[in-house]
file upload_9.tsv (TSV, C-alpha atoms)
chain	number	residue	atom	x	y	z
A	24	ASP	CA	-29.22	5.96	23.58
A	25	GLY	CA	-27.51	7.08	20.40
A	26	GLY	CA	-25.52	4.61	18.41
A	27	ILE	CA	-25.07	2.55	15.27
A	28	THR	CA	-27.06	-0.58	14.62
A	29	GLN	CA	-25.84	-3.19	12.18
A	30	SER	CA	-27.93	-6.15	11.12
A	31	PRO	CA	-27.86	-9.02	10.85
A	32	LYS	CA	-25.05	-10.09	13.19
A	33	TYR	CA	-24.43	-13.24	11.14
A	34	LEU	CA	-25.21	-13.69	7.45
A	35	PHE	CA	-24.72	-16.61	5.11
A	36	ARG	CA	-24.53	-16.19	1.37
A	37	LYS	CA	-24.69	-18.75	-1.37
A	38	GLU	CA	-22.42	-18.54	-4.37
A	39	GLY	CA	-23.70	-16.01	-6.94
A	40	GLN	CA	-26.11	-14.35	-4.53
A	41	ASN	CA	-26.31	-10.67	-3.63
A	42	VAL	CA	-26.79	-9.80	0.03
A	43	THR	CA	-27.37	-6.47	1.77
A	44	LEU	CA	-25.97	-5.47	5.14
A	45	SER	CA	-27.90	-2.87	7.08
A	46	CYS	CA	-26.38	0.08	8.96
A	47	GLU	CA	-28.51	2.65	10.80
A	48	GLN	CA	-27.33	5.49	13.07
A	49	ASN	CA	-29.24	7.94	15.24
A	50	LEU	CA	-26.24	10.10	16.12
A	51	ASN	CA	-27.01	12.71	13.47
A	52	HIS	CA	-23.57	12.11	12.00
A	53	ASP	CA	-22.92	13.30	8.46
A	54	ALA	CA	-20.24	10.79	7.49
A	55	MET	CA	-20.64	7.02	7.35
A	56	TYR	CA	-18.20	4.30	6.39
A	57	TRP	CA	-18.01	0.62	5.57
A	58	TYR	CA	-14.93	-1.43	6.43
A	59	ARG	CA	-13.97	-5.01	5.87
A	60	GLN	CA	-11.79	-6.91	8.34
A	61	ASP	CA	-10.19	-10.25	7.58
A	62	PRO	CA	-8.76	-12.49	10.33
A	63	GLY	CA	-5.61	-11.03	11.85
A	64	GLN	CA	-5.74	-7.98	9.64
A	65	GLY	CA	-6.63	-4.35	9.97
A	66	LEU	CA	-9.66	-2.51	8.63
A	67	ARG	CA	-9.89	-1.82	4.91
A	68	LEU	CA	-12.20	0.90	3.62
A	69	ILE	CA	-14.88	-0.22	1.15
A	70	TYR	CA	-17.06	2.86	0.69
A	71	TYR	CA	-17.74	6.08	2.53
A	72	SER	CA	-20.30	8.86	2.39
A	73	GLN	CA	-19.77	12.40	3.66
A	74	ILE	CA	-23.34	13.61	2.96
A	75	VAL	CA	-26.68	12.28	1.85
A	76	ASN	CA	-26.94	11.22	-1.81
A	77	ASP	CA	-23.17	11.17	-2.20
A	78	PHE	CA	-20.63	8.40	-1.64
A	79	GLN	CA	-17.08	7.59	-2.62
A	80	LYS	CA	-15.16	4.40	-3.30
A	81	GLY	CA	-12.63	3.34	-0.73
A	82	ASP	CA	-9.62	1.12	-1.24
A	83	ILE	CA	-11.48	-2.14	-1.98
A	84	ALA	CA	-14.82	-1.13	-3.56
A	85	GLU	CA	-14.92	-3.76	-6.31
A	86	GLY	CA	-17.81	-6.16	-5.88
A	87	TYR	CA	-19.66	-3.88	-3.46
A	88	SER	CA	-22.30	-1.19	-3.82
A	89	VAL	CA	-23.89	1.33	-1.42
A	90	SER	CA	-26.61	3.95	-1.26
A	91	ARG	CA	-27.17	6.95	0.99
A	92	GLU	CA	-30.75	8.06	0.51
A	93	LYS	CA	-31.18	9.05	4.16
A	94	LYS	CA	-28.74	10.52	6.65
A	95	GLU	CA	-29.43	7.69	9.08
A	96	SER	CA	-28.92	4.78	6.71
A	97	PHE	CA	-25.97	3.45	4.71
A	98	PRO	CA	-26.65	-0.09	3.47
A	99	LEU	CA	-23.92	-2.16	1.83
A	100	THR	CA	-24.66	-4.72	-0.89
A	101	VAL	CA	-22.17	-7.49	-1.43
A	102	THR	CA	-22.66	-8.53	-5.05
A	103	SER	CA	-21.85	-11.79	-6.80
A	104	ALA	CA	-18.87	-9.99	-8.35
A	105	GLN	CA	-17.14	-10.06	-4.96
A	106	LYS	CA	-15.27	-13.35	-5.19
A	107	ASN	CA	-14.10	-13.60	-1.61
A	108	PRO	CA	-16.77	-11.99	0.56
A	109	THR	CA	-16.27	-13.99	3.75
A	110	ALA	CA	-15.19	-11.40	6.33
A	111	PHE	CA	-16.25	-9.26	9.26
A	112	TYR	CA	-17.95	-6.04	8.08
A	113	LEU	CA	-17.98	-2.92	10.23
A	114	CYS	CA	-20.02	0.22	9.72
A	115	ALA	CA	-18.89	3.47	11.34
A	116	SER	CA	-19.96	7.08	11.53
A	117	THR	CA	-18.28	10.31	12.52
A	118	GLN	CA	-18.95	14.00	12.79
A	119	GLY	CA	-16.12	16.25	11.72
A	120	ALA	CA	-12.60	15.35	12.81
A	121	TYR	CA	-13.64	13.16	15.71
A	122	GLY	CA	-13.15	9.47	16.15
A	123	TYR	CA	-15.40	6.83	14.79
A	124	THR	CA	-18.39	5.27	16.42
A	125	PHE	CA	-18.58	1.68	15.22
A	126	GLY	CA	-21.50	-0.67	14.85
A	127	SER	CA	-21.28	-4.16	16.32
A	128	GLY	CA	-20.42	-5.72	12.97
A	129	THR	CA	-21.82	-8.33	10.59
A	130	ARG	CA	-20.00	-11.60	10.00
A	131	LEU	CA	-20.62	-12.76	6.43
A	132	THR	CA	-19.89	-16.33	5.39
A	133	VAL	CA	-20.18	-17.90	1.95
A	134	VAL	CA	-21.72	-21.37	2.01
B	16	GLY	CA	0.96	6.65	0.06
B	17	GLN	CA	-0.37	5.99	3.50
B	18	ASN	CA	1.44	3.64	5.81
B	19	ILE	CA	0.80	2.73	9.44
B	20	ASP	CA	2.96	0.14	11.17
B	21	GLN	CA	2.39	-1.71	14.42
B	22	PRO	CA	3.84	-4.92	15.82
B	23	THR	CA	1.69	-7.93	14.96
B	24	GLU	CA	1.59	-9.53	18.39
B	25	MET	CA	2.86	-8.97	21.93
B	26	THR	CA	2.71	-10.95	25.16
B	27	ALA	CA	2.83	-9.52	28.67
B	28	THR	CA	2.14	-10.66	32.22
B	29	GLU	CA	-0.81	-9.68	34.38
B	30	GLY	CA	0.06	-6.67	36.53
B	31	ALA	CA	2.89	-5.54	34.26
B	32	ILE	CA	3.23	-2.55	31.91
B	33	VAL	CA	3.25	-2.87	28.12
B	34	GLN	CA	3.95	-0.31	25.40
B	35	ILE	CA	2.50	-0.75	21.91
B	36	ASN	CA	4.21	1.35	19.25
B	37	CYS	CA	2.79	2.82	16.07
B	38	THR	CA	4.63	4.64	13.29
B	39	TYR	CA	2.85	6.40	10.46
B	40	GLN	CA	3.33	8.18	7.15
B	41	THR	CA	0.20	9.90	5.86
B	42	SER	CA	-0.93	12.77	3.66
B	43	GLY	CA	-1.15	15.35	6.40
B	44	PHE	CA	-2.25	14.76	9.96
B	45	ASN	CA	-5.40	15.63	11.87
B	46	GLY	CA	-5.08	13.28	14.81
B	47	LEU	CA	-4.11	9.80	15.95
B	48	PHE	CA	-6.54	7.39	17.59
B	49	TRP	CA	-6.16	4.15	19.50
B	50	TYR	CA	-8.93	1.57	19.56
B	51	GLN	CA	-9.34	-1.69	21.46
B	52	GLN	CA	-10.97	-4.62	19.70
B	53	HIS	CA	-11.90	-7.89	21.36
B	54	ALA	CA	-12.22	-10.87	19.03
B	55	GLY	CA	-15.42	-10.76	16.99
B	56	GLU	CA	-16.46	-7.38	18.34
B	57	ALA	CA	-16.38	-3.80	17.13
B	58	PRO	CA	-13.44	-1.54	18.00
B	59	THR	CA	-13.98	0.78	20.94
B	60	PHE	CA	-12.34	4.18	21.33
B	61	LEU	CA	-9.44	4.44	23.78
B	62	SER	CA	-7.59	7.68	23.11
B	63	TYR	CA	-7.00	10.61	20.79
B	64	ASN	CA	-3.81	12.68	20.32
B	65	VAL	CA	-3.51	15.69	18.05
B	66	LEU	CA	-0.71	17.58	19.84
B	67	ASP	CA	2.68	16.23	20.91
B	68	GLY	CA	2.87	14.76	24.34
B	69	LEU	CA	1.25	12.30	26.67
B	70	GLU	CA	-2.48	11.88	27.26
B	71	GLU	CA	-3.33	9.88	30.37
B	72	LYS	CA	-6.64	8.20	31.01
B	73	GLY	CA	-6.65	5.83	33.94
B	74	ARG	CA	-4.53	2.76	33.26
B	75	PHE	CA	-4.10	3.76	29.62
B	76	SER	CA	-1.86	6.53	28.26
B	77	SER	CA	-1.06	7.53	24.70
B	78	PHE	CA	1.92	9.50	23.45
B	79	LEU	CA	2.43	11.36	20.18
B	80	SER	CA	5.43	12.83	18.40
B	81	ARG	CA	4.31	14.39	15.13
B	82	SER	CA	7.85	15.21	13.97
B	83	LYS	CA	8.79	11.54	14.27
B	84	GLY	CA	5.48	10.15	12.99
B	85	TYR	CA	5.32	8.04	16.14
B	86	SER	CA	2.85	7.14	18.84
B	87	TYR	CA	2.61	4.59	21.58
B	88	LEU	CA	-0.13	3.23	23.79
B	89	LEU	CA	0.93	2.42	27.34
B	90	LEU	CA	-1.11	-0.01	29.40
B	91	LYS	CA	-0.38	-0.22	33.12
B	92	GLU	CA	-1.40	-2.79	35.73
B	93	LEU	CA	-2.37	-5.23	33.02
B	94	GLN	CA	-5.49	-7.29	33.54
B	95	MET	CA	-6.57	-10.46	31.76
B	96	LYS	CA	-9.44	-8.54	30.16
B	97	ASP	CA	-6.87	-6.35	28.37
B	98	SER	CA	-6.15	-9.28	26.04
B	99	ALA	CA	-7.37	-7.85	22.72
B	100	SER	CA	-6.17	-6.26	19.52
B	101	TYR	CA	-5.14	-2.62	19.64
B	102	LEU	CA	-5.59	-0.57	16.49
B	103	CYS	CA	-3.72	2.60	15.66
B	104	ALA	CA	-5.55	4.94	13.26
B	105	VAL	CA	-4.53	8.24	11.72
B	106	LEU	CA	-6.87	10.93	10.40
B	107	ASN	CA	-5.28	12.71	7.46
B	108	ASN	CA	-5.84	16.19	6.04
B	109	PHE	CA	-8.83	14.99	4.02
B	110	ASN	CA	-10.60	13.66	7.13
B	111	LYS	CA	-9.94	10.12	5.98
B	112	PHE	CA	-8.93	7.45	8.51
B	113	TYR	CA	-6.18	4.94	7.94
B	114	PHE	CA	-5.85	1.96	10.24
B	115	GLY	CA	-2.85	-0.14	11.12
B	116	SER	CA	-3.21	-3.92	11.05
B	117	GLY	CA	-3.53	-4.03	14.80
B	118	THR	CA	-1.40	-5.46	17.60
B	119	LYS	CA	-2.73	-8.57	19.28
B	120	LEU	CA	-1.91	-8.39	22.99
B	121	ASN	CA	-1.87	-11.61	24.99
B	122	VAL	CA	-1.95	-11.13	28.76
B	123	LYS	CA	-0.87	-14.22	30.68
B	124	PRO	CA	-1.33	-14.94	34.39

call {"tool": "encode", "arguments": {"input": "upload_9.tsv", "output": "structure tokens"}}
result
Amino acid sequence: DGGITQSPKYLFRKEGQNVTLSCEQNLNHDAMYWYRQDPGQGLRLIYYSQIVNDFQKGDIAEGYSVSREKKESFPLTVTSAQKNPTAFYLCASTQGAYGYTFGSGTRLTVV
Amino acid sequence: GQNIDQPTEMTATEGAIVQINCTYQTSGFNGLFWYQQHAGEAPTFLSYNVLDGLEEKGRFSSFLSRSKGYSYLLLKELQMKDSASYLCAVLNNFNKFYFGSGTKLNVKP
């Protein structure tokens, strides 16, 4: 079955540590996205990529980095520069002007 | 700028009908989407409107008026499992999605 796989489901980060969230899709979608969701709030765009080897900053890119070396993969690194990283992170993909397919999410907590 | 507004929270009774409104102002328009999101889970697609009018899909219907920048999601015969957040999202002319903050629907017996 085609879909998007995010891992891990839960992730704990220590202060000053970088962590990487994985996102893999086998839908052959060109565009991939990373969103952050805080409790009781909507989705805010962190980074997006329309094609391989190209990505753009979203509305809240500071403290995050991404890469898009393969069409299937769009990992997100939460760096130590992100001062408030505790949130629910969602990866999504889309083809053209169709709706998103979302991954199951990664819940990141700072300990 | 981009702006999408939805009520924060609504409560309705099992078996009833509820309408969740969404108003938007975006740079162009390429479609409006509704998603359902249960707590701690990913959003799932419910409906898509690109032309004015009503789209019906089982117990769920979605309406769009592009001239008014307005949409609503109508849920009929409410069930307890419909308790979730409902997200309105607009695709603008640059194929970029903008999400509302979501409406938390509480269905009570």

call {"tool": "interface_residues", "arguments": {"input": "upload_9.tsv", "of": "chain B", "to": "chain A", "cutoff": "8 Å", "atoms": "only C-alpha atoms", "output": "list of chain:residue names"}}
result
B:Asn45, B:Phe48, B:Gly55, B:Glu56, B:Ala57, B:Pro58, B:Thr59, B:Phe60, B:Tyr63, B:Leu102, B:Leu106, B:Asn110, B:Phe114, B:Gly115, B:Ser116, B:Gly117

call {"tool": "residues_around", "arguments": {"input": "upload_9.tsv", "residues": "Gln21 of chain B", "least_positions_apart": "3", "cutoff": "10 Å", "atoms": "only C-alpha atoms", "output": "ChimeraX atom specification"}}
result
/B:24,35-39,86-87,101-103,114-119

call {"tool": "atom_distance", "arguments": {"input": "upload_9.tsv", "atom1": "atom CA of Ser45 of chain A", "atom2": "atom CA of Ser62 of chain B"}}
result
27.9 Å

call {"tool": "residues_near_point", "arguments": {"input": "upload_9.tsv", "point": "(-28.3, 13.2, 0.9)", "cutoff": "8 Å", "atoms": "all atoms listed in the file", "output": "MDAnalysis selection string"}}
result
chainID A and resid 74:77 91:94

call {"tool": "residues_near_point", "arguments": {"input": "upload_9.tsv", "point": "(-8.6, -9.0, 27.8)", "cutoff": "9 Å", "atoms": "all atoms listed in the file", "output": "NGL selection string"}}
result
:B and (53 or 93-99 or 120-122)

call {"tool": "residues_around", "arguments": {"input": "upload_9.tsv", "residues": "Ser76 of chain B", "least_positions_apart": "5", "cutoff": "8 Å", "atoms": "all atoms listed in the file", "output": "count of residues only"}}
result
7

call {"tool": "decode", "arguments": {"input": "upload_9.tsv", "residues": "segment 59-89 of chain A", "atoms": "N, CA, C and O atoms", "output": "PDB file, in the first residue's frame"}}
result
ATOM      1  N   ARG A  59       4.455  21.810  11.788  1.00  0.00           N
ATOM      2  CA  ARG A  59       4.491  21.706  13.245  1.00  0.00           C
ATOM      3  C   ARG A  59       3.094  22.050  13.770  1.00  0.00           C
ATOM      4  O   ARG A  59       2.444  22.989  13.281  1.00  0.00           O
ATOM      5  N   GLN A  60       2.649  21.270  14.766  1.00  0.00           N
ATOM      6  CA  GLN A  60       1.356  21.531  15.379  1.00  0.00           C
ATOM      7  C   GLN A  60       1.529  21.582  16.885  1.00  0.00           C
ATOM      8  O   GLN A  60       2.014  20.627  17.490  1.00  0.00           O
ATOM      9  N   ASP A  61       1.118  22.695  17.472  1.00  0.00           N
ATOM     10  CA  ASP A  61       1.144  22.845  18.922  1.00  0.00           C
ATOM     11  C   ASP A  61      -0.266  22.616  19.463  1.00  0.00           C
ATOM     12  O   ASP A  61      -1.247  22.800  18.736  1.00  0.00           O
ATOM     13  N   PRO A  62      -0.380  22.230  20.735  1.00  0.00           N
ATOM     14  CA  PRO A  62      -1.699  21.885  21.287  1.00  0.00           C
ATOM     15  C   PRO A  62      -2.748  22.954  21.023  1.00  0.00           C
ATOM     16  O   PRO A  62      -2.530  24.130  21.300  1.00  0.00           O
ATOM     17  N   GLY A  63      -3.885  22.529  20.483  1.00  0.00           N
ATOM     18  CA  GLY A  63      -4.995  23.440  20.245  1.00  0.00           C
ATOM     19  C   GLY A  63      -4.775  24.420  19.111  1.00  0.00           C
ATOM     20  O   GLY A  63      -5.553  25.360  18.952  1.00  0.00           O
ATOM     21  N   GLN A  64      -3.742  24.188  18.328  1.00  0.00           N
ATOM     22  CA  GLN A  64      -3.450  25.121  17.240  1.00  0.00           C
ATOM     23  C   GLN A  64      -3.440  24.407  15.899  1.00  0.00           C
ATOM     24  O   GLN A  64      -3.414  23.186  15.820  1.00  0.00           O
ATOM     25  N   GLY A  65      -3.443  25.211  14.861  1.00  0.00           N
ATOM     26  CA  GLY A  65      -3.404  24.651  13.519  1.00  0.00           C
ATOM     27  C   GLY A  65      -2.005  24.254  13.103  1.00  0.00           C
ATOM     28  O   GLY A  65      -1.065  24.278  13.899  1.00  0.00           O
ATOM     29  N   LEU A  66      -1.855  23.889  11.847  1.00  0.00           N
ATOM     30  CA  LEU A  66      -0.569  23.447  11.307  1.00  0.00           C
ATOM     31  C   LEU A  66       0.211  24.652  10.790  1.00  0.00           C
ATOM     32  O   LEU A  66      -0.322  25.487  10.059  1.00  0.00           O
ATOM     33  N   ARG A  67       1.484  24.702  11.157  1.00  0.00           N
ATOM     34  CA  ARG A  67       2.352  25.766  10.661  1.00  0.00           C
ATOM     35  C   ARG A  67       3.464  25.161   9.826  1.00  0.00           C
ATOM     36  O   ARG A  67       4.115  24.201  10.245  1.00  0.00           O
ATOM     37  N   LEU A  68       3.693  25.730   8.649  1.00  0.00           N
ATOM     38  CA  LEU A  68       4.625  25.172   7.668  1.00  0.00           C
ATOM     39  C   LEU A  68       6.064  25.493   8.048  1.00  0.00           C
ATOM     40  O   LEU A  68       6.419  26.666   8.233  1.00  0.00           O
ATOM     41  N   ILE A  69       6.902  24.452   8.109  1.00  0.00           N
ATOM     42  CA  ILE A  69       8.309  24.630   8.455  1.00  0.00           C
ATOM     43  C   ILE A  69       9.161  24.729   7.187  1.00  0.00           C
ATOM     44  O   ILE A  69       9.874  25.707   6.960  1.00  0.00           O
ATOM     45  N   TYR A  70       9.108  23.704   6.375  1.00  0.00           N
ATOM     46  CA  TYR A  70       9.838  23.638   5.114  1.00  0.00           C
ATOM     47  C   TYR A  70       9.001  22.859   4.116  1.00  0.00           C
ATOM     48  O   TYR A  70       8.183  22.025   4.497  1.00  0.00           O
ATOM     49  N   TYR A  71       9.245  23.115   2.824  1.00  0.00           N
ATOM     50  CA  TYR A  71       8.628  22.308   1.800  1.00  0.00           C
ATOM     51  C   TYR A  71       9.572  22.146   0.625  1.00  0.00           C
ATOM     52  O   TYR A  71      10.503  22.949   0.441  1.00  0.00           O
ATOM     53  N   SER A  72       9.315  21.099  -0.148  1.00  0.00           N
ATOM     54  CA  SER A  72      10.172  20.784  -1.292  1.00  0.00           C
ATOM     55  C   SER A  72       9.284  20.379  -2.454  1.00  0.00           C
ATOM     56  O   SER A  72       8.467  19.468  -2.338  1.00  0.00           O
ATOM     57  N   GLN A  73       9.438  21.059  -3.581  1.00  0.00           N
ATOM     58  CA  GLN A  73       8.606  20.766  -4.753  1.00  0.00           C
ATOM     59  C   GLN A  73       9.263  19.709  -5.644  1.00  0.00           C
ATOM     60  O   GLN A  73       8.573  18.984  -6.387  1.00  0.00           O
ATOM     61  N   ILE A  74      10.604  19.657  -5.618  1.00  0.00           N
ATOM     62  CA  ILE A  74      11.339  18.673  -6.426  1.00  0.00           C
ATOM     63  C   ILE A  74      12.594  18.269  -5.679  1.00  0.00           C
ATOM     64  O   ILE A  74      13.018  18.942  -4.735  1.00  0.00           O
ATOM     65  N   VAL A  75      13.203  17.201  -6.162  1.00  0.00           N
ATOM     66  CA  VAL A  75      14.439  16.718  -5.542  1.00  0.00           C
ATOM     67  C   VAL A  75      15.520  17.793  -5.622  1.00  0.00           C
ATOM     68  O   VAL A  75      15.603  18.553  -6.586  1.00  0.00           O
ATOM     69  N   ASN A  76      16.339  17.843  -4.567  1.00  0.00           N
ATOM     70  CA  ASN A  76      17.473  18.772  -4.459  1.00  0.00           C
ATOM     71  C   ASN A  76      17.052  20.238  -4.406  1.00  0.00           C
ATOM     72  O   ASN A  76      17.879  21.135  -4.672  1.00  0.00           O
ATOM     73  N   ASP A  77      15.814  20.485  -4.058  1.00  0.00           N
ATOM     74  CA  ASP A  77      15.345  21.861  -3.893  1.00  0.00           C
ATOM     75  C   ASP A  77      14.341  21.902  -2.757  1.00  0.00           C
ATOM     76  O   ASP A  77      13.493  21.021  -2.645  1.00  0.00           O
ATOM     77  N   PHE A  78      14.450  22.921  -1.891  1.00  0.00           N
ATOM     78  CA  PHE A  78      13.488  23.090  -0.816  1.00  0.00           C
ATOM     79  C   PHE A  78      13.410  24.569  -0.459  1.00  0.00           C
ATOM     80  O   PHE A  78      14.317  25.354  -0.745  1.00  0.00           O
ATOM     81  N   GLN A  79      12.285  24.918   0.159  1.00  0.00           N
ATOM     82  CA  GLN A  79      12.009  26.312   0.486  1.00  0.00           C
ATOM     83  C   GLN A  79      11.627  26.435   1.951  1.00  0.00           C
ATOM     84  O   GLN A  79      10.994  25.526   2.511  1.00  0.00           O
ATOM     85  N   LYS A  80      11.959  27.569   2.550  1.00  0.00           N
ATOM     86  CA  LYS A  80      11.537  27.827   3.923  1.00  0.00           C
ATOM     87  C   LYS A  80      10.038  28.113   3.967  1.00  0.00           C
ATOM     88  O   LYS A  80       9.498  28.774   3.079  1.00  0.00           O
ATOM     89  N   GLY A  81       9.414  27.624   5.014  1.00  0.00           N
ATOM     90  CA  GLY A  81       8.025  27.952   5.265  1.00  0.00           C
ATOM     91  C   GLY A  81       7.932  29.136   6.210  1.00  0.00           C
ATOM     92  O   GLY A  81       8.822  29.986   6.246  1.00  0.00           O
ATOM     93  N   ASP A  82       6.894  29.148   7.017  1.00  0.00           N
ATOM     94  CA  ASP A  82       6.645  30.293   7.888  1.00  0.00           C
ATOM     95  C   ASP A  82       7.466  30.279   9.176  1.00  0.00           C
ATOM     96  O   ASP A  82       7.669  31.313   9.793  1.00  0.00           O
ATOM     97  N   ILE A  83       7.944  29.104   9.588  1.00  0.00           N
ATOM     98  CA  ILE A  83       8.656  28.998  10.877  1.00  0.00           C
ATOM     99  C   ILE A  83       9.909  28.143  10.729  1.00  0.00           C
ATOM    100  O   ILE A  83      10.132  27.205  11.477  1.00  0.00           O
ATOM    101  N   ALA A  84      10.777  28.468   9.760  1.00  0.00           N
ATOM    102  CA  ALA A  84      11.933  27.621   9.444  1.00  0.00           C
ATOM    103  C   ALA A  84      13.097  27.757  10.430  1.00  0.00           C
ATOM    104  O   ALA A  84      13.967  26.881  10.471  1.00  0.00           O
ATOM    105  N   GLU A  85      13.123  28.810  11.217  1.00  0.00           N
ATOM    106  CA  GLU A  85      14.286  29.032  12.090  1.00  0.00           C
ATOM    107  C   GLU A  85      14.463  27.903  13.093  1.00  0.00           C
ATOM    108  O   GLU A  85      13.526  27.524  13.790  1.00  0.00           O
ATOM    109  N   GLY A  86      15.705  27.382  13.138  1.00  0.00           N
ATOM    110  CA  GLY A  86      15.996  26.299  14.062  1.00  0.00           C
ATOM    111  C   GLY A  86      15.769  24.915  13.480  1.00  0.00           C
ATOM    112  O   GLY A  86      15.938  23.909  14.162  1.00  0.00           O
ATOM    113  N   TYR A  87      15.406  24.855  12.212  1.00  0.00           N
ATOM    114  CA  TYR A  87      15.174  23.596  11.517  1.00  0.00           C
ATOM    115  C   TYR A  87      16.003  23.536  10.242  1.00  0.00           C
ATOM    116  O   TYR A  87      16.368  24.570   9.682  1.00  0.00           O
ATOM    117  N   SER A  88      16.305  22.321   9.787  1.00  0.00           N
ATOM    118  CA  SER A  88      16.945  22.146   8.490  1.00  0.00           C
ATOM    119  C   SER A  88      16.399  20.885   7.832  1.00  0.00           C
ATOM    120  O   SER A  88      15.891  19.983   8.512  1.00  0.00           O
ATOM    121  N   VAL A  89      16.460  20.839   6.497  1.00  0.00           N
ATOM    122  CA  VAL A  89      15.957  19.690   5.743  1.00  0.00           C
ATOM    123  C   VAL A  89      16.919  19.361   4.612  1.00  0.00           C
ATOM    124  O   VAL A  89      17.825  20.130   4.306  1.00  0.00           O
TER     125      VAL A  89
END
